[in-house]
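What follows is a single structure, written as structure tokens, with notes after it.
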Amino acid sequence: MSREQAAPYLAEFLGTFALVFAGPGSMAVDAASGGAVGGVGIGLSFGFIVMAMIFALGHVSGCHINPAITAAFAATRRIRPGRAAGYIAAQLAGAALAGLAVVAIVGDHADAGASLPRLGGADAALASEIVLTFFLALVVFSVATDARAQGALAAIAIGGYVAMAATGWGPVANASMNPARSFGPAVASGAWDAHWVYWLGPALGAVLAAFAYDLLRPGAPPPPPERS
């Protein structure tokens, strides 16, 4: 594999590492410091890191940094299955390494920012993950795949949505919307309670949103899969 061919996978690895280190990491720092970050600070940490990574890496890999988004791109034939599998592997590896880095630096406070059901248990967690990820993916497919949208503002739109979801809905079940974001802290801390929620909910929400957005487009069919 050439450097050019490997670059998108490295970008997904680095982008997901940054997401988990900054987002769940801020939860661990908040717990370790007795609340110095705060709920709003945690939400902004998630939103700003997503925004920054899209600006930094979007032109390299698309900056999915989320297996649910990659699965939705694959389901609508916007990415080849082989590349999608490689993206997801890179995302999970980056997330796991970031989770371990958080624990190495500040310990396993707040289970290293692991995603766990809080208000309403697993049922509420699953419902919130489906709904929150549906609208996240709707924003992604709108600004990243539709020529009518202001593509230059994609990072702001997506990062802003993530910040809103993490701030407003984080207390329910951590507003993961991303299996990799949940996987990394779980690997590092061993907090696997209801972990299936954070795979099923985001995947279902993202795929539904991808097909829903195709209904909002003009009549053109989706683009063919990538050749490389």
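Chain labels follow the order of the structure tokens: the first chain is A, the next B, and so on; residue numbering restarts at 1 in every chain, and ligands are counted from 1 in their shown order.
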Show me a table, sorted first by chain and then by increasing residue number, of the residues of stretch 16-62 of chain A having an atom at most 10 Å from stretch 137-152 of chain A, each with its shortest atom pair and the distance in Å to one decimal, counting only C-alpha atoms and written as JSON lines.
{"residue": "A:Phe55", "atom": "CA", "partner": "A:Ala152", "partner_atom": "CA", "distance": 9.0}
{"residue": "A:Gly58", "atom": "CA", "partner": "A:Ala144", "partner_atom": "CA", "distance": 9.7}
{"residue": "A:Gly62", "atom": "CA", "partner": "A:Ala144", "partner_atom": "CA", "distance": 8.4}
Got time to write the residues from that selection, all heavy atoms, as a PDB file, in the first residue's frame?
ATOM      1  N   PHE A  55     -11.866  20.235   9.709  1.00  0.00           N
ATOM      2  CA  PHE A  55     -11.047  21.212   8.997  1.00  0.00           C
ATOM      3  C   PHE A  55      -9.676  20.630   8.658  1.00  0.00           C
ATOM      4  O   PHE A  55      -9.133  20.863   7.573  1.00  0.00           O
ATOM      5  CB  PHE A  55     -10.872  22.488   9.829  1.00  0.00           C
ATOM      6  CG  PHE A  55     -12.009  23.460   9.714  1.00  0.00           C
ATOM      7  CD1 PHE A  55     -12.655  23.943  10.849  1.00  0.00           C
ATOM      8  CD2 PHE A  55     -12.422  23.919   8.472  1.00  0.00           C
ATOM      9  CE1 PHE A  55     -13.702  24.850  10.747  1.00  0.00           C
ATOM     10  CE2 PHE A  55     -13.464  24.832   8.359  1.00  0.00           C
ATOM     11  CZ  PHE A  55     -14.105  25.292   9.487  1.00  0.00           C
ATOM     12  N   GLY A  58     -10.607  16.537   6.822  1.00  0.00           N
ATOM     13  CA  GLY A  58     -11.723  16.253   5.934  1.00  0.00           C
ATOM     14  C   GLY A  58     -11.305  16.055   4.489  1.00  0.00           C
ATOM     15  O   GLY A  58     -11.865  15.230   3.766  1.00  0.00           O
ATOM     16  N   GLY A  62     -12.336  12.465   4.396  1.00  0.00           N
ATOM     17  CA  GLY A  62     -13.730  12.773   4.658  1.00  0.00           C
ATOM     18  C   GLY A  62     -13.999  12.953   6.134  1.00  0.00           C
ATOM     19  O   GLY A  62     -15.060  13.429   6.521  1.00  0.00           O
TER      20      GLY A  62
END
Worksheet entry | Sel. of helix (DSSP H, G or I) residues, stretch 3-210 of chain A, as a ChimeraX atom specification | /A:3-32,38-61,67-75,81-106,109-113,121-145,151-173,179-189,197-210
(request) For A:Thr70, list every protein, DNA or RNA residue within 12 Å, evaluated using only C-alpha atoms, and leave out those in the same chain fewer than 4 positions away; present the list as JSON, numbers by chain. (result) {"A": [12, 61, 62, 63, 64, 65, 66, 74, 75, 76, 77, 78, 79, 80, 81, 82, 83, 84, 85, 86, 87, 88, 89, 90, 91, 137, 140, 141, 178, 179, 180, 202, 203, 206, 207, 210]}
- prompt: From the set A:Ala72, A:Ala157, A:Ser189, A:Gly121, which residue has the shortest atom-to-atom contact distance to A:Tyr213, counting only C-alpha atoms?
  reply: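 Nearest candidate to A:Tyr213 out of A:Ala72, A:Ala157, A:Ser189, A:Gly121: A:Ala72.
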Can you pull out every residue within 10 Å of A:Ala22, counting only C-alpha atoms, but drop anything in the same chain fewer than 5 positions away, and send it as a ChimeraX atom specification? /A:16-17,27-29,42,44-50,98,102
As a check of understanding: the span from atom CA of A:Val197 to atom CA of A:Pro171 is 15.6 Å
Closest of A:Ala11, A:Ala186, A:Ala31, A:Leu57 to A:His109, counting only C-alpha atoms, is A:Ala31
